[in-house]
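Chemist: What follows is start.cif, made up of mmCIF, C-alpha atoms and all ligand atoms:
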```cif
data_data
#
loop_
_atom_site.label_atom_id
_atom_site.label_comp_id
_atom_site.auth_asym_id
_atom_site.auth_seq_id
_atom_site.Cartn_x
_atom_site.Cartn_y
_atom_site.Cartn_z
CA MET A 1 -10.60 6.83 -10.20
CA ARG A 2 -12.98 9.31 -11.69
CA ILE A 3 -13.63 8.59 -15.37
CA ALA A 4 -15.56 11.07 -17.49
CA VAL A 5 -17.65 9.36 -20.16
CA PHE A 6 -18.45 11.52 -23.19
CA ALA A 7 -20.42 9.39 -25.66
CA GLY A 8 -21.23 12.05 -28.29
CA ASP A 9 -23.05 11.49 -31.57
CA GLY A 10 -24.01 8.79 -34.05
CA ILE A 11 -22.49 5.45 -33.09
CA GLY A 12 -20.62 7.17 -30.22
CA PRO A 13 -23.23 6.28 -27.57
CA GLU A 14 -23.64 2.75 -28.98
CA VAL A 15 -19.96 1.83 -28.81
CA THR A 16 -19.35 3.68 -25.54
CA GLU A 17 -22.15 1.72 -23.85
CA GLN A 18 -20.33 -1.54 -24.56
CA ALA A 19 -16.98 -0.19 -23.34
CA VAL A 20 -18.64 0.99 -20.12
CA ARG A 21 -20.14 -2.48 -19.58
CA VAL A 22 -16.67 -3.97 -19.92
CA LEU A 23 -15.17 -1.46 -17.46
CA GLN A 24 -17.94 -2.13 -14.95
CA ALA A 25 -17.58 -5.89 -15.27
CA LEU A 26 -14.00 -5.61 -13.99
CA GLU A 27 -15.40 -4.39 -10.63
CA ILE A 28 -12.46 -2.08 -10.01
CA GLU A 29 -12.60 -0.62 -6.54
CA GLY A 30 -13.04 3.15 -6.42
CA MET A 31 -13.99 3.52 -10.07
CA GLU A 32 -16.57 6.22 -10.64
CA LEU A 33 -18.09 7.11 -14.03
CA VAL A 34 -19.45 10.60 -14.73
CA GLU A 35 -21.29 11.34 -17.97
CA GLY A 36 -21.15 14.59 -19.92
CA ASP A 37 -22.57 16.00 -23.15
CA VAL A 38 -20.33 16.63 -26.17
CA GLY A 39 -20.70 17.26 -29.90
CA GLY A 40 -23.95 17.67 -31.77
CA ALA A 41 -25.85 16.19 -28.83
CA ALA A 42 -24.44 18.91 -26.57
CA TYR A 43 -25.16 21.60 -29.15
CA ARG A 44 -28.80 20.55 -29.35
CA ARG A 45 -29.16 20.51 -25.56
CA HIS A 46 -27.00 23.47 -24.53
CA GLY A 47 -26.25 25.45 -27.70
CA HIS A 48 -22.55 24.52 -27.64
CA PRO A 49 -20.59 21.38 -28.64
CA LEU A 50 -18.32 21.66 -25.60
CA PRO A 51 -20.32 23.28 -22.79
CA GLU A 52 -18.52 24.70 -19.74
CA ALA A 53 -20.19 22.02 -17.58
CA THR A 54 -18.59 19.31 -19.71
CA LEU A 55 -15.18 20.97 -19.45
CA ASP A 56 -15.63 21.07 -15.68
CA ILE A 57 -16.33 17.33 -15.61
CA ALA A 58 -13.27 16.76 -17.80
CA ARG A 59 -11.05 18.82 -15.51
CA SER A 60 -12.29 17.05 -12.39
CA ALA A 61 -11.69 13.61 -13.91
CA ASP A 62 -8.58 11.40 -13.89
CA ALA A 63 -9.29 10.16 -17.41
CA ILE A 64 -11.85 10.56 -20.20
CA LEU A 65 -13.50 7.84 -22.25
CA PHE A 66 -14.72 9.44 -25.47
CA GLY A 67 -17.06 7.98 -28.12
CA ALA A 68 -17.27 10.09 -31.26
CA VAL A 69 -18.70 13.39 -32.43
CA GLY A 70 -20.02 14.54 -35.78
CA ASP A 71 -23.43 15.20 -37.23
CA PHE A 72 -23.74 16.07 -40.91
CA SER A 73 -27.02 17.93 -40.26
CA LEU A 74 -25.05 20.49 -38.22
CA ASP A 75 -22.31 21.08 -40.80
CA HIS A 76 -23.93 24.37 -41.83
CA LEU A 77 -23.10 25.91 -38.43
CA GLU A 78 -20.21 28.31 -38.01
CA ARG A 79 -17.08 26.29 -37.33
CA ALA A 80 -16.88 27.15 -33.61
CA LEU A 81 -20.26 25.49 -33.04
CA ARG A 82 -19.74 22.34 -35.07
CA PRO A 83 -19.70 18.99 -33.22
CA GLU A 84 -16.02 18.32 -34.03
CA GLN A 85 -15.05 21.32 -31.91
CA ALA A 86 -15.79 19.19 -28.84
CA VAL A 87 -12.93 16.82 -29.46
CA LEU A 88 -10.64 19.52 -30.83
CA GLY A 89 -11.45 21.74 -27.85
CA LEU A 90 -10.82 19.01 -25.27
CA ARG A 91 -7.48 18.15 -26.87
CA LYS A 92 -6.39 21.78 -26.85
CA GLU A 93 -7.87 22.90 -23.52
CA LEU A 94 -6.43 19.92 -21.67
CA GLY A 95 -3.04 20.03 -23.41
CA LEU A 96 -3.44 16.54 -24.85
CA PHE A 97 -0.63 16.84 -27.38
CA ALA A 98 0.47 13.23 -27.81
CA ASN A 99 -1.92 10.93 -29.62
CA LEU A 100 -0.90 7.27 -29.51
CA ARG A 101 -2.56 5.11 -32.14
CA PRO A 102 -1.34 1.51 -32.01
CA ALA A 103 -2.01 -0.75 -35.00
CA THR A 104 -1.24 -4.39 -34.35
CA VAL A 105 -2.49 -7.51 -36.05
CA PHE A 106 -3.70 -10.08 -33.54
CA LYS A 107 -1.96 -13.45 -33.91
CA GLY A 108 -4.04 -15.78 -36.07
CA LEU A 109 -6.16 -12.88 -37.36
CA GLU A 110 -3.95 -11.87 -40.28
CA ASP A 111 -6.78 -12.49 -42.72
CA LEU A 112 -8.92 -9.68 -41.27
CA SER A 113 -6.71 -7.32 -43.26
CA THR A 114 -7.34 -6.39 -46.86
CA LEU A 115 -3.61 -7.04 -47.36
CA ARG A 116 -2.19 -10.51 -47.96
CA PRO A 117 -1.73 -12.39 -44.64
CA GLU A 118 2.05 -12.67 -45.08
CA VAL A 119 2.14 -8.86 -45.26
CA SER A 120 -0.46 -8.02 -42.60
CA GLY A 121 0.87 -10.62 -40.15
CA LYS A 122 3.94 -8.47 -39.53
CA ILE A 123 2.04 -5.33 -38.52
CA ASP A 124 2.93 -4.09 -35.06
CA LEU A 125 3.32 -0.34 -35.18
CA LEU A 126 2.50 2.74 -33.18
CA ILE A 127 1.63 6.09 -34.66
CA VAL A 128 2.55 9.00 -32.38
CA ARG A 129 0.53 11.88 -33.75
CA GLU A 130 0.99 15.47 -32.61
CA LEU A 131 -2.43 16.73 -31.56
CA ASN A 132 -2.29 20.38 -30.53
CA GLY A 133 -0.81 22.17 -33.52
CA ASP A 134 -0.31 22.08 -37.30
CA VAL A 135 -2.84 23.28 -39.85
CA TYR A 136 -5.62 22.22 -37.47
CA PHE A 137 -5.09 25.09 -35.07
CA GLY A 138 -3.59 27.81 -37.25
CA GLU A 139 -5.45 30.89 -38.32
CA LYS A 140 -8.03 30.11 -40.96
CA GLY A 141 -10.75 31.80 -42.88
CA THR A 142 -12.46 32.50 -46.13
CA ARG A 143 -12.16 35.80 -47.96
CA THR A 144 -13.01 37.36 -51.27
CA LEU A 145 -10.02 38.36 -53.37
CA GLU A 146 -9.84 41.68 -55.20
CA ASP A 147 -10.89 40.04 -58.44
CA GLY A 148 -13.98 38.62 -56.72
CA ARG A 149 -12.84 35.02 -56.36
CA ARG A 150 -13.51 33.34 -53.00
CA GLN A 151 -10.51 31.89 -51.20
CA GLY A 152 -10.27 29.54 -48.23
CA TRP A 153 -7.05 29.45 -46.21
CA ASP A 154 -5.58 27.60 -43.27
CA MET A 155 -2.22 28.41 -41.74
CA MET A 156 0.11 25.45 -41.19
CA SER A 157 2.80 25.99 -38.59
CA TYR A 158 4.78 24.31 -35.82
CA ALA A 159 6.84 26.10 -33.22
CA GLU A 160 10.01 24.28 -32.18
CA ASP A 161 8.82 23.57 -28.64
CA GLU A 162 5.71 21.93 -30.03
CA VAL A 163 7.86 19.66 -32.19
CA ARG A 164 10.31 18.99 -29.37
CA ARG A 165 7.72 17.68 -26.93
CA ILE A 166 6.16 15.29 -29.45
CA ALA A 167 9.68 14.23 -30.49
CA HIS A 168 10.39 13.22 -26.88
CA ALA A 169 7.10 11.30 -26.80
CA GLY A 170 8.12 9.52 -30.00
CA PHE A 171 11.63 8.66 -28.82
CA LYS A 172 10.37 7.43 -25.45
CA ALA A 173 7.77 5.26 -27.17
CA ALA A 174 10.50 3.83 -29.41
CA GLN A 175 12.70 3.09 -26.38
CA GLY A 176 9.84 1.04 -24.94
CA ARG A 177 9.50 -0.92 -28.18
CA SER A 178 12.12 -2.03 -30.71
CA GLY A 179 14.10 1.23 -30.71
CA ARG A 180 13.22 2.42 -34.21
CA LEU A 181 11.54 5.76 -34.86
CA CYS A 182 10.41 6.94 -38.28
CA SER A 183 9.58 10.63 -38.51
CA VAL A 184 7.09 11.32 -41.29
CA ASP A 185 7.00 14.76 -42.89
CA LYS A 186 6.93 16.65 -46.18
CA ALA A 187 10.22 18.49 -45.77
CA ASN A 188 10.84 18.49 -49.53
CA VAL A 189 8.03 21.05 -49.90
CA LEU A 190 6.96 22.51 -46.54
CA GLU A 191 8.92 24.84 -44.26
CA THR A 192 6.85 23.54 -41.34
CA SER A 193 8.19 20.08 -42.11
CA GLN A 194 11.81 21.24 -42.50
CA LEU A 195 11.72 22.67 -38.99
CA TRP A 196 10.03 19.47 -37.81
CA ARG A 197 12.86 17.40 -39.30
CA ASP A 198 15.61 19.66 -37.90
CA VAL A 199 14.15 19.44 -34.39
CA MET A 200 13.73 15.65 -34.65
CA ILE A 201 17.46 15.37 -35.47
CA GLU A 202 18.38 17.69 -32.56
CA VAL A 203 16.31 15.69 -30.08
CA SER A 204 17.70 12.39 -31.41
CA LYS A 205 21.09 13.29 -29.82
CA GLU A 206 19.46 12.66 -26.43
CA TYR A 207 18.40 9.17 -27.50
CA PRO A 208 21.49 7.39 -28.84
CA ASP A 209 19.74 4.05 -28.31
CA VAL A 210 16.98 4.92 -30.81
CA GLU A 211 17.51 4.76 -34.57
CA LEU A 212 15.83 7.77 -36.23
CA THR A 213 14.85 7.68 -39.89
CA HIS A 214 12.84 10.14 -41.98
CA MET A 215 10.24 9.50 -44.63
CA TYR A 216 8.09 11.75 -46.78
CA VAL A 217 4.40 11.30 -46.08
CA ASP A 218 3.49 10.26 -49.62
CA ASN A 219 6.07 7.48 -49.51
CA ALA A 220 4.90 6.53 -46.00
CA ALA A 221 1.36 6.07 -47.29
CA MET A 222 2.71 3.74 -49.97
CA GLN A 223 5.05 1.81 -47.62
CA LEU A 224 2.19 1.29 -45.13
CA VAL A 225 0.47 -0.84 -47.74
CA LYS A 226 3.58 -2.36 -49.31
CA ASN A 227 5.50 -3.39 -46.20
CA PRO A 228 3.82 -2.21 -42.97
CA GLY A 229 5.89 -4.66 -40.95
CA ALA A 230 8.94 -2.44 -41.52
CA PHE A 231 7.50 0.28 -39.25
CA ASP A 232 7.84 0.33 -35.50
CA VAL A 233 7.07 3.82 -34.15
CA ILE A 234 5.99 6.58 -36.52
CA VAL A 235 6.05 10.15 -35.23
CA THR A 236 4.23 12.73 -37.32
CA GLY A 237 2.19 15.91 -37.35
CA ASN A 238 -1.50 16.34 -36.70
CA LEU A 239 -2.80 16.15 -40.28
CA PHE A 240 -0.50 13.43 -41.60
CA GLY A 241 -1.12 11.35 -38.47
CA ASP A 242 -4.87 11.65 -38.90
CA ILE A 243 -4.72 10.32 -42.44
CA LEU A 244 -2.08 7.63 -41.93
CA SER A 245 -3.88 6.18 -38.91
CA ASP A 246 -7.12 5.60 -40.81
CA GLN A 247 -5.02 3.89 -43.46
CA ALA A 248 -3.19 1.78 -40.86
CA SER A 249 -6.55 0.64 -39.50
CA MET A 250 -7.40 -1.03 -42.79
CA CYS A 251 -4.00 -2.71 -42.85
CA VAL A 252 -5.03 -4.33 -39.55
CA GLY A 253 -8.57 -5.07 -40.68
CA SER A 254 -11.00 -2.29 -39.87
CA ILE A 255 -11.31 1.18 -38.48
CA GLY A 256 -13.61 -0.46 -35.92
CA LEU A 257 -10.53 -2.00 -34.28
CA LEU A 258 -8.20 0.95 -33.68
CA ALA A 259 -8.02 2.57 -30.26
CA SER A 260 -6.17 5.69 -29.20
CA ALA A 261 -4.84 7.59 -26.22
CA SER A 262 -4.45 11.37 -26.21
CA LEU A 263 -2.01 12.29 -23.49
CA ALA A 264 -0.68 15.33 -21.70
CA GLU A 265 2.47 15.17 -19.57
CA GLY A 266 1.62 12.82 -16.71
CA LYS A 267 -1.11 10.26 -16.36
CA PHE A 268 -4.19 12.17 -17.47
CA GLY A 269 -5.56 11.20 -20.86
CA LEU A 270 -8.52 11.06 -23.22
CA TYR A 271 -9.19 7.67 -24.79
CA GLU A 272 -11.22 7.19 -27.95
CA PRO A 273 -11.59 5.03 -31.02
CA ILE A 274 -9.92 6.60 -34.06
CA HIS A 275 -13.17 6.41 -36.02
CA GLY A 276 -15.96 8.95 -36.12
CA SER A 277 -19.69 8.96 -35.55
CA ALA A 278 -20.38 6.83 -38.66
CA PRO A 279 -23.74 8.41 -39.52
CA ASP A 280 -24.29 5.81 -42.25
CA ILE A 281 -24.73 3.02 -39.69
CA ALA A 282 -25.76 4.99 -36.59
CA GLY A 283 -28.84 3.86 -34.65
CA LYS A 284 -28.83 0.41 -36.25
CA GLY A 285 -26.82 -1.51 -33.67
CA LEU A 286 -24.26 -2.40 -36.34
CA ALA A 287 -21.17 -0.55 -35.13
CA ASN A 288 -18.14 -2.50 -33.98
CA PRO A 289 -17.48 -1.44 -30.36
CA MET A 290 -14.03 -3.08 -30.20
CA ALA A 291 -12.07 0.11 -30.88
CA THR A 292 -13.77 1.79 -27.94
CA ILE A 293 -13.41 -1.28 -25.72
CA LEU A 294 -9.69 -1.35 -26.56
CA SER A 295 -9.53 2.38 -25.79
CA ALA A 296 -10.88 1.57 -22.32
CA ALA A 297 -8.00 -0.90 -21.97
CA MET A 298 -5.52 1.85 -22.90
CA LEU A 299 -7.21 4.08 -20.30
CA LEU A 300 -6.70 1.53 -17.53
CA ARG A 301 -3.06 1.01 -18.52
CA HIS A 302 -1.91 4.62 -19.08
CA SER A 303 -3.95 6.58 -16.57
CA PHE A 304 -4.20 4.05 -13.75
CA GLY A 305 -1.35 1.58 -14.25
CA LEU A 306 -3.84 -1.32 -14.28
CA GLU A 307 -1.83 -3.47 -16.69
CA GLU A 308 -3.46 -6.75 -15.73
CA GLN A 309 -7.02 -5.50 -16.31
CA ALA A 310 -5.99 -3.83 -19.57
CA ALA A 311 -4.45 -7.06 -20.80
CA ARG A 312 -7.60 -8.97 -19.81
CA ILE A 313 -9.71 -6.70 -22.01
CA GLU A 314 -7.32 -7.04 -24.95
CA ALA A 315 -7.25 -10.81 -24.61
CA ALA A 316 -11.05 -10.93 -24.47
CA VAL A 317 -11.31 -8.90 -27.68
CA ALA A 318 -8.74 -11.11 -29.41
CA ALA A 319 -10.57 -14.25 -28.24
CA THR A 320 -13.88 -12.89 -29.53
CA LEU A 321 -12.37 -12.33 -32.96
CA ALA A 322 -10.60 -15.68 -32.89
CA ASP A 323 -13.99 -17.32 -32.26
CA GLY A 324 -15.26 -15.72 -35.46
CA ILE A 325 -17.53 -13.15 -33.81
CA LYS A 326 -17.13 -10.15 -36.09
CA GLY A 327 -19.04 -7.04 -37.02
CA GLY A 328 -20.10 -6.08 -40.52
CA ASP A 329 -16.96 -3.96 -40.86
CA LEU A 330 -14.97 -7.22 -40.79
CA GLY A 331 -17.33 -9.15 -43.03
CA GLY A 332 -19.20 -10.72 -40.12
CA SER A 333 -22.77 -10.34 -38.94
CA ALA A 334 -22.50 -9.67 -35.19
CA GLY A 335 -24.17 -6.50 -33.91
CA THR A 336 -22.83 -3.99 -31.40
CA LYS A 337 -24.43 -5.57 -28.31
CA GLU A 338 -23.65 -9.10 -29.43
CA ILE A 339 -19.97 -8.17 -29.70
CA GLY A 340 -20.13 -6.51 -26.29
CA ASP A 341 -21.72 -9.65 -24.82
CA ALA A 342 -19.06 -11.84 -26.43
CA VAL A 343 -16.20 -9.74 -25.04
CA LEU A 344 -17.81 -9.75 -21.57
CA ALA A 345 -18.19 -13.52 -21.68
CA ARG A 346 -14.46 -13.89 -22.45
CA LEU A 347 -13.25 -11.42 -19.86
P1 LIG B 1 -16.22 7.63 -39.76
O1 LIG B 1 -14.99 7.10 -39.11
O2 LIG B 1 -17.31 8.05 -38.87
O3 LIG B 1 -16.78 6.52 -40.76
C1 LIG B 1 -16.05 6.09 -41.91
C2 LIG B 1 -16.60 4.75 -42.39
O4 LIG B 1 -16.21 3.74 -41.46
C3 LIG B 1 -18.12 4.70 -42.45
O5 LIG B 1 -18.50 3.91 -43.54
C4 LIG B 1 -18.51 4.04 -41.15
O6 LIG B 1 -19.73 3.33 -41.20
C5 LIG B 1 -17.33 3.08 -40.91
N1 LIG B 1 -17.09 2.91 -39.47
C6 LIG B 1 -16.53 3.80 -38.61
N2 LIG B 1 -16.51 3.30 -37.38
C7 LIG B 1 -17.07 2.07 -37.42
C8 LIG B 1 -17.33 1.06 -36.45
N3 LIG B 1 -17.00 1.22 -35.15
N4 LIG B 1 -17.92 -0.09 -36.86
C9 LIG B 1 -18.23 -0.27 -38.15
N5 LIG B 1 -18.01 0.65 -39.12
C10 LIG B 1 -17.43 1.81 -38.77
O7 LIG B 1 -15.74 8.82 -40.71
P2 LIG B 1 -16.61 9.86 -41.60
O8 LIG B 1 -17.78 9.15 -42.19
O9 LIG B 1 -15.65 10.52 -42.46
O10 LIG B 1 -17.12 10.93 -40.54
C11 LIG B 1 -18.40 10.89 -39.90
C12 LIG B 1 -18.47 11.98 -38.85
O11 LIG B 1 -17.59 11.66 -37.78
C13 LIG B 1 -18.02 13.35 -39.35
O12 LIG B 1 -18.87 14.30 -38.78
C14 LIG B 1 -16.61 13.49 -38.83
O13 LIG B 1 -16.21 14.82 -38.66
C15 LIG B 1 -16.71 12.76 -37.53
N6 LIG B 1 -15.45 12.20 -36.98
C16 LIG B 1 -15.29 12.32 -35.63
C17 LIG B 1 -14.19 11.73 -35.03
C18 LIG B 1 -14.03 11.85 -33.54
O14 LIG B 1 -15.00 12.07 -32.83
N7 LIG B 1 -12.84 11.73 -32.98
C19 LIG B 1 -13.28 11.01 -35.80
C20 LIG B 1 -13.49 10.92 -37.17
C21 LIG B 1 -14.59 11.51 -37.76
C1 LIG B 2 -9.89 11.97 -35.48
C2 LIG B 2 -10.86 12.83 -36.23
C3 LIG B 2 -10.73 14.28 -35.82
C4 LIG B 2 -9.36 14.74 -36.28
C5 LIG B 2 -11.81 15.24 -36.34
C6 LIG B 2 -13.18 14.77 -36.01
C7 LIG B 2 -11.61 16.61 -35.81
O1 LIG B 2 -10.73 12.63 -37.59
O2 LIG B 2 -9.95 11.97 -34.24
O3 LIG B 2 -9.09 11.27 -36.10
O4 LIG B 2 -9.17 15.11 -37.45
O5 LIG B 2 -8.45 14.72 -35.45
MN MN B 3 -9.43 10.97 -38.12
#
```
Take the structure in the file and write it out as structure tokens.
Modeler:
Amino acid sequence: MRIAVFAGDGIGPEVTEQAVRVLQALEIEGMELVEGDVGGAAYRRHGHPLPEATLDIARSADAILFGAVGDFSLDHLERALRPEQAVLGLRKELGLFANLRPATVFKGLEDLSTLRPEVSGKIDLLIVRELNGDVYFGEKGTRTLEDGRRQGWDMMSYAEDEVRRIAHAGFKAAQGRSGRLCSVDKANVLETSQLWRDVMIEVSKEYPDVELTHMYVDNAAMQLVKNPGAFDVIVTGNLFGDILSDQASMCVGSIGLLASASLAEGKFGLYEPIHGSAPDIAGKGLANPMATILSAAMLLRHSFGLEEQAARIEAAVAATLADGIKGGDLGGSAGTKEIGDAVLARL
């Protein structure tokens, strides 16, 4: 059980430290943690956000626990050297194409949401976000047009096999839940989305037990706030999934609560909070570590089949919140370590 721990930048190391404490407290036999540098921290030390040595650690591991990367003071660098390339590079290099982002309101904690409790109380959804394609990984550049105007461009595309494999991930996830899959696209405007929709319908023939519906992404953004309880599994592309998952986090209560798993075929995965390095609160001990702690729970469940330990972590987080111990992101006053301590005490 070799787990690579890549803490990264900003609040990344702060929240990862608490998740590591929780993992260690479980005293799982054979668990070994190996640290590696990523992001701006890696750039400063090695001149690259995803050094070869880090990739080697990743490849030799059974799972990765990831904090966050991003450092505004490095945003002037050419894109290949920016901190974000660490997480993008790991996802691509390791074939982590299926990003699972669950958003569930804990029982009794409906009022953490900015939505009315009768609306938020029904939230139990899973966003299955494609992670290796779309406008993220297409050709891109800036150029000067003949008339002298500067132009930036990014190519959006999906090949059918890329859509097919995330479709299967979406249908399988729906089979394991309530059997409803909503594919979110922008097929009324984008060719990329039309192909996406066509392939979703083709793949649906293999899953007669799952009900497939389609929704345009603008409507989905609206419905997520109006009636989030109507969603079960959402399958969508890289960009739309990025945006909708941040939105879903607020429907639950805070971006500091949402965990994620980025999976290849098989058991290997990278686990990280959906939030970033939060430079505005970094170094102050204010970050909510729960999203990272819950990501560690997903790691134990998906990569190692340790359902009981995963459930223990989730219950400890829920109990901490139920006891009113909340970070500033949820209107409370508990700091990062205090929240870590509280989760440990309830483990
Ligand atoms: P962000 O998610 O870092 O922060 C958005 C807001 O949410 C901020 O106000 C922040 O303080 C708050 N927040 C985030 N996580 C929190 C937590 N655990 N507890 C309490 N509050 C929290 O997004 P941003 O500000 O747009 O981006 C900051 C940097 O992070 C950028 O460089 C961006 O590229 C990067 N980023 C990285 C990842 C990743 O590593 N996977 C994800 C998103 C953003
Ligand atoms: C996320 C982040 C990343 C993304 C960035 C940092 C590249 O926003 O993990 O959600 O857009 O995928
Ligand atoms: Mn994001």
Chemist: How many Å lie between atom CA of A:Ile3 and atom CA of A:Glu307, rounded to one decimal?
Modeler: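 Those two atoms sit 16.9 Å apart.
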Chemist: Separation of atom CA of A:Met290 and atom CA of A:Lys226, in Å?
Modeler: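 If I compute the distance from atom CA of A:Met290 to atom CA of A:Lys226, I get 26.0 Å.
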Chemist: Pick out the residues sitting within 9 Å of A:Ala230, and hand them over as a compact mmCIF listing (two decimals) with C-alpha atoms, keeping the file's coordinate frame; count all atoms listed in the file, and ignore anything fewer than 2 positions along from it in its own chain.
Modeler:
```
# COMPACT_ATOMS: atom_id res chain seq x y z
CA LYS A 122 3.94 -8.47 -39.53
CA ILE A 123 2.04 -5.33 -38.52
CA ASP A 124 2.93 -4.09 -35.06
CA LEU A 125 3.32 -0.34 -35.18
CA GLN A 223 5.05 1.81 -47.62
CA LEU A 224 2.19 1.29 -45.13
CA ASN A 227 5.50 -3.39 -46.20
CA PRO A 228 3.82 -2.21 -42.97
CA ASP A 232 7.84 0.33 -35.50
```
Chemist: Please provide as an mmCIF file with C-alpha atoms, in the frame of the given file all residues within 8 Å of A:Ile64, with the sequence filter that same-chain residues fewer than 2 positions apart are discarded (counting only C-alpha atoms).
Modeler:
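Printed below is around.cif as written:
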```cif
data_model
loop_
_atom_site.group_PDB
_atom_site.id
_atom_site.type_symbol
_atom_site.label_atom_id
_atom_site.label_comp_id
_atom_site.auth_asym_id
_atom_site.auth_seq_id
_atom_site.Cartn_x
_atom_site.Cartn_y
_atom_site.Cartn_z
ATOM 1 C CA ILE A 3 -13.630 8.590 -15.370
ATOM 2 C CA ALA A 4 -15.560 11.070 -17.490
ATOM 3 C CA VAL A 5 -17.650 9.360 -20.160
ATOM 4 C CA PHE A 6 -18.450 11.520 -23.190
ATOM 5 C CA ALA A 58 -13.270 16.760 -17.800
ATOM 6 C CA ALA A 61 -11.690 13.610 -13.910
ATOM 7 C CA ASP A 62 -8.580 11.400 -13.890
ATOM 8 C CA PHE A 66 -14.720 9.440 -25.470
ATOM 9 C CA GLY A 269 -5.560 11.200 -20.860
ATOM 10 C CA LEU A 270 -8.520 11.060 -23.220
ATOM 11 C CA TYR A 271 -9.190 7.670 -24.790
ATOM 12 C CA LEU A 299 -7.210 4.080 -20.300
#
```
Chemist: Figure out the distance between atom CA of A:Pro13 and atom CA of A:Val69, please, to one decimal in Å.
Modeler: 9.7 Å
Chemist: Ranking A:Gly30, A:Gly237, A:Gly148, A:Gly70 by minimum distance to ligand LIG 1 (chain B) and counting only C-alpha atoms and all ligand atoms, which one comes first?
Modeler: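 So, comparing all the options, the nearest one is A:Gly70.
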Chemist: Would you mind listing the residues within 8 Å of ligand LIG 1 (chain B), counting all atoms listed in the file, as a ChimeraX atom specification?
Modeler: /A:8,10-12,15,66-72,75,83-84,87,254-257,272-282,286-292,327-329
Chemist: Check the smallest atom-to-atom distance from each of A:Gly95, A:Ser157, A:Leu321, A:Gly170 to A:Leu190 using only C-alpha atoms, then report the winner.
Modeler: A:Ser157
Chemist: In the coordinates of the file, take the point (-3.3, 19.2, -41.0) and a cut-off of 10 Å; then, counting all atoms listed in the file, name each qualifying protein, DNA or RNA residue as a PyMOL selection string.
Modeler: chain A and resi 131+133-138+154-157+237-243
Chemist: How about saving the chosen residues, C-alpha atoms kept, as a PDB file, keeping the file's coordinate frame?
Modeler:
```pdb
ATOM      1  CA  LEU A 131      -2.430  16.730 -31.560  1.00  0.00           C
ATOM      2  CA  GLY A 133      -0.810  22.170 -33.520  1.00  0.00           C
ATOM      3  CA  ASP A 134      -0.310  22.080 -37.300  1.00  0.00           C
ATOM      4  CA  VAL A 135      -2.840  23.280 -39.850  1.00  0.00           C
ATOM      5  CA  TYR A 136      -5.620  22.220 -37.470  1.00  0.00           C
ATOM      6  CA  PHE A 137      -5.090  25.090 -35.070  1.00  0.00           C
ATOM      7  CA  GLY A 138      -3.590  27.810 -37.250  1.00  0.00           C
ATOM      8  CA  ASP A 154      -5.580  27.600 -43.270  1.00  0.00           C
ATOM      9  CA  MET A 155      -2.220  28.410 -41.740  1.00  0.00           C
ATOM     10  CA  MET A 156       0.110  25.450 -41.190  1.00  0.00           C
ATOM     11  CA  SER A 157       2.800  25.990 -38.590  1.00  0.00           C
ATOM     12  CA  GLY A 237       2.190  15.910 -37.350  1.00  0.00           C
ATOM     13  CA  ASN A 238      -1.500  16.340 -36.700  1.00  0.00           C
ATOM     14  CA  LEU A 239      -2.800  16.150 -40.280  1.00  0.00           C
ATOM     15  CA  PHE A 240      -0.500  13.430 -41.600  1.00  0.00           C
ATOM     16  CA  GLY A 241      -1.120  11.350 -38.470  1.00  0.00           C
ATOM     17  CA  ASP A 242      -4.870  11.650 -38.900  1.00  0.00           C
ATOM     18  CA  ILE A 243      -4.720  10.320 -42.440  1.00  0.00           C
TER      19      ILE A 243
END
```
Chemist: Give me, as a VMD selection string, all polymer residues having an atom no more than 10 Å from A:Val343, counting only C-alpha atoms and skipping those fewer than 5 positions away in the same chain.
Modeler: chain A and resid 18 to 19 21 to 22 289 to 290 293 313 to 321 325 337 to 338
